[in-house]
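Colleague: Dropping a structure here in structure tokens format, bear with me for questions.
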Amino acid sequence: MKILKYSTLVICLLCIGLSFQSCEEDDTGISTELVARFTQTVNQSQGTVTFINLSENAASYNWDFGDGTSSIVINPEKTYDASGTYDVKLTVSNENSEIAAFQDIIEIEIILIINGNFENGSEGWIVGVDDSAPAPVVTENDNSFYEVNITNPDPNQPFLVNVSQKVAITQDQIYVLTFEAWSDGDRTLIAGIGLSGGDFSNDTQTVNLTDTQQQFEITLSSQEFGALDARVLFDSNGDAGLVRIDNVSLNLQ
């Protein structure tokens, strides 16, 4: 009698084991469990994310990029329009209509300016809108920065002495321009964004410089203009004296 009970118990355990295995593996022993998972690579300078799908046993894919857009591509590439934190969710399903999901937080900081600290010399920086005219850069105490000395100012033509970097500006957006600047005395500097040709539409602000290095942060609008070869600009010819600029950055708000 005890032997019969023991045999029945073994058979029951085997049945439970086989039933559990059938949920995880097919007849070849290969797992059939539905798994949603992904990783990503981020190009911060362009705000572009390449998603690498690591899901298993899925037949369809639905991406929610956290900014109101979506995709059903297996390995999508997504370009975000603004810096921020995005909650990305991938939902997958199999042929049995089973569903699995995976979420991850993506940090985007779109860097529009290259060589903003001038450590690569004049790379990216030009005089006016002339691509063949590199901006003057000096180095002191292992720190590089833009420098120009105005000796014949003209308040009516401050743009005659200018340093620019061409960047893609999207129309009807808000940008934040951050930079450090100083002089050898009290004077003004015009800073902003604008077009590199045509009517040279722009949005600028005037800041007051002293002989102390200061950080400035100004908010600018591209409501009236936009172009792939627009620019960040600094006009210095309004007052006499030195203008020194360093650590420039531009971000979409």
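Residues are referred to by chain and number: the chain letter is A, B, ... according to the order shown in the structure tokens, the number counts from 1 in that chain, and ligands are numbered separately from 1 in the order shown.
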Might you pull out every residue within 8 Å of A:Leu112, with only C-alpha atoms counted and same-chain residues fewer than 5 positions away left off, and present them as a PyMOL selection string?
Modeller: chain A and resi 45-46+167-168+249-251
Colleague: Go ahead and write the selection's residues with N, CA, C and O atoms as a PDB file, in the first residue's frame.
Modeller:
ATOM      1  N   SER A  45      24.831  65.082 -29.058  1.00  0.00           N
ATOM      2  CA  SER A  45      24.987  66.280 -29.864  1.00  0.00           C
ATOM      3  C   SER A  45      23.810  66.477 -30.811  1.00  0.00           C
ATOM      4  O   SER A  45      23.505  67.593 -31.225  1.00  0.00           O
ATOM      5  N   GLN A  46      23.119  65.373 -31.161  1.00  0.00           N
ATOM      6  CA  GLN A  46      21.990  65.457 -32.079  1.00  0.00           C
ATOM      7  C   GLN A  46      20.661  65.089 -31.422  1.00  0.00           C
ATOM      8  O   GLN A  46      19.605  65.227 -32.033  1.00  0.00           O
ATOM      9  N   VAL A 167      24.887  76.922 -36.507  1.00  0.00           N
ATOM     10  CA  VAL A 167      24.135  75.819 -35.910  1.00  0.00           C
ATOM     11  C   VAL A 167      22.767  75.759 -36.573  1.00  0.00           C
ATOM     12  O   VAL A 167      22.304  76.735 -37.164  1.00  0.00           O
ATOM     13  N   ALA A 168      22.120  74.612 -36.455  1.00  0.00           N
ATOM     14  CA  ALA A 168      20.755  74.466 -36.967  1.00  0.00           C
ATOM     15  C   ALA A 168      19.791  75.067 -35.951  1.00  0.00           C
ATOM     16  O   ALA A 168      19.744  74.645 -34.790  1.00  0.00           O
ATOM     17  N   SER A 249      27.328  77.597 -24.503  1.00  0.00           N
ATOM     18  CA  SER A 249      26.425  76.470 -24.759  1.00  0.00           C
ATOM     19  C   SER A 249      25.081  77.009 -25.215  1.00  0.00           C
ATOM     20  O   SER A 249      24.670  78.116 -24.843  1.00  0.00           O
ATOM     21  N   LEU A 250      24.402  76.217 -26.035  1.00  0.00           N
ATOM     22  CA  LEU A 250      23.060  76.581 -26.522  1.00  0.00           C
ATOM     23  C   LEU A 250      22.174  75.352 -26.401  1.00  0.00           C
ATOM     24  O   LEU A 250      22.530  74.267 -26.879  1.00  0.00           O
ATOM     25  N   ASN A 251      21.016  75.529 -25.800  1.00  0.00           N
ATOM     26  CA  ASN A 251      20.094  74.413 -25.608  1.00  0.00           C
ATOM     27  C   ASN A 251      18.668  74.835 -25.895  1.00  0.00           C
ATOM     28  O   ASN A 251      18.288  75.993 -25.668  1.00  0.00           O
TER      29      ASN A 251
END
Colleague: Can you tell me which residues surround stretch 208-216 of chain A at a distance of at most 7 Å, considering only C-alpha atoms, apart from same-chain residues fewer than 2 positions away, and format the answer as a PyMOL selection string?
Modeller: chain A and resi 178-189+206+218
Colleague: Using only C-alpha atoms, which of the listed residues (A:Leu90, A:Leu34, A:Leu252, A:Ile169) sits closest to A:Ile108?
Modeller: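 Once distances to A:Ile108 are computed over only C-alpha atoms, the minimum belongs to A:Leu252.
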Colleague: One decimal, Å: what's the distance from atom CA of A:Val232 over to atom CA of A:Thr41, could you say?
Modeller: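 Answer for the atom CA of A:Val232 to atom CA of A:Thr41 separation: 28.0 Å.
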Colleague: Would you mind listing, for every residue of stretch 127-195 of chain A within 12 Å of stretch 64-83 of chain A, the two atoms forming the shortest contact and the distance between them in Å to one decimal, using only C-alpha atoms, sorted by chain and ascending residue number, as a tab-separated table?
Modeller:
residue	atom	partner	partner_atom	distance
A:Ala168	CA	A:Asp81	CA	11.9
A:Ile169	CA	A:Asp81	CA	11.3
A:Thr170	CA	A:Asp81	CA	9.5
A:Gln173	CA	A:Ala82	CA	9.8
A:Ile174	CA	A:Ala82	CA	10.0
A:Tyr175	CA	A:Ala82	CA	9.9
A:Val176	CA	A:Ser83	CA	11.4
Colleague: With distances taken over only C-alpha atoms, which residue among A:Trp63, A:Asp104, A:Gly84, A:Ile113 lies nearest A:Thr39?
Modeller: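 Nearest to A:Thr39: A:Asp104.
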Colleague: Go through A:Ser201, A:Gln171, A:Ser122, A:Ser196 and flag the residue nearest A:Gly226, using only C-alpha atoms for the distances.
Modeller: A:Gln171
Colleague: Give me, as a PyMOL selection string, all polymer residues having an atom no more than 7 Å from A:Pro158, counting only C-alpha atoms and skipping those fewer than 2 positions away in the same chain.
Modeller: chain A and resi 154-156+160-161+235-238
Colleague: Would you save the residues of that selection, restricted to N, CA, C and O atoms, as an mmCIF file, in the first residue's frame?
Modeller:
data_model
loop_
_atom_site.group_PDB
_atom_site.id
_atom_site.type_symbol
_atom_site.label_atom_id
_atom_site.label_comp_id
_atom_site.auth_asym_id
_atom_site.auth_seq_id
_atom_site.Cartn_x
_atom_site.Cartn_y
_atom_site.Cartn_z
ATOM 1 N N ASP A 154 31.799 101.487 -33.157
ATOM 2 C CA ASP A 154 30.711 102.190 -33.840
ATOM 3 C C ASP A 154 29.398 101.634 -33.292
ATOM 4 O O ASP A 154 28.963 100.543 -33.691
ATOM 5 N N PRO A 155 28.746 102.346 -32.386
ATOM 6 C CA PRO A 155 27.501 101.840 -31.795
ATOM 7 C C PRO A 155 26.408 101.569 -32.819
ATOM 8 O O PRO A 155 25.496 100.766 -32.555
ATOM 9 N N ASN A 156 26.488 102.229 -33.981
ATOM 10 C CA ASN A 156 25.484 102.002 -35.018
ATOM 11 C C ASN A 156 25.768 100.756 -35.854
ATOM 12 O O ASN A 156 24.896 100.306 -36.603
ATOM 13 N N LEU A 160 30.095 94.809 -36.933
ATOM 14 C CA LEU A 160 31.327 94.836 -37.730
ATOM 15 C C LEU A 160 32.445 94.023 -37.092
ATOM 16 O O LEU A 160 33.387 93.628 -37.777
ATOM 17 N N VAL A 161 32.368 93.808 -35.781
ATOM 18 C CA VAL A 161 33.278 92.872 -35.107
ATOM 19 C C VAL A 161 32.398 91.790 -34.484
ATOM 20 O O VAL A 161 31.621 92.065 -33.562
ATOM 21 N N ASP A 235 28.226 90.209 -31.108
ATOM 22 C CA ASP A 235 28.639 91.447 -31.761
ATOM 23 C C ASP A 235 29.330 92.338 -30.737
ATOM 24 O O ASP A 235 28.754 92.652 -29.684
ATOM 25 N N SER A 236 30.555 92.805 -31.081
ATOM 26 C CA SER A 236 31.392 93.486 -30.087
ATOM 27 C C SER A 236 31.725 94.928 -30.416
ATOM 28 O O SER A 236 32.353 95.619 -29.601
ATOM 29 N N ASN A 237 31.352 95.419 -31.599
ATOM 30 C CA ASN A 237 31.871 96.698 -32.070
ATOM 31 C C ASN A 237 31.148 97.920 -31.507
ATOM 32 O O ASN A 237 31.423 99.055 -31.905
ATOM 33 N N GLY A 238 30.249 97.708 -30.547
ATOM 34 C CA GLY A 238 29.500 98.838 -30.009
ATOM 35 C C GLY A 238 30.275 99.694 -29.038
ATOM 36 O O GLY A 238 29.975 100.879 -28.861
#
Colleague: May I ask for the distance between atom CA of A:Ile105 and atom CA of A:Tyr86, given in Å to one decimal place?
Modeller: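 Calculated distance between atom CA of A:Ile105 and atom CA of A:Tyr86 is 5.7 Å.
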Colleague: I need the residues of stretch 56-169 of chain A that end up classed as strand (DSSP E or B) by DSSP on the backbone, written out as an NGL selection string.
Modeller: :A and (56 or 60-64 or 70-71 or 77-79 or 84-93 or 99-108 or 126-127 or 134 or 137-140 or 143-150 or 162-169)
Colleague: To test your reading of the structure, identify every residue in stretch 4-244 of chain A that backbone DSSP assigns to alpha helix (DSSP H), and report it as a count of residues only.
Modeller: 21
Colleague: One decimal, Å: what's the distance from atom CA of A:Gln103 over to atom CA of A:Ser60, could you say?
Modeller: 16.4 Å
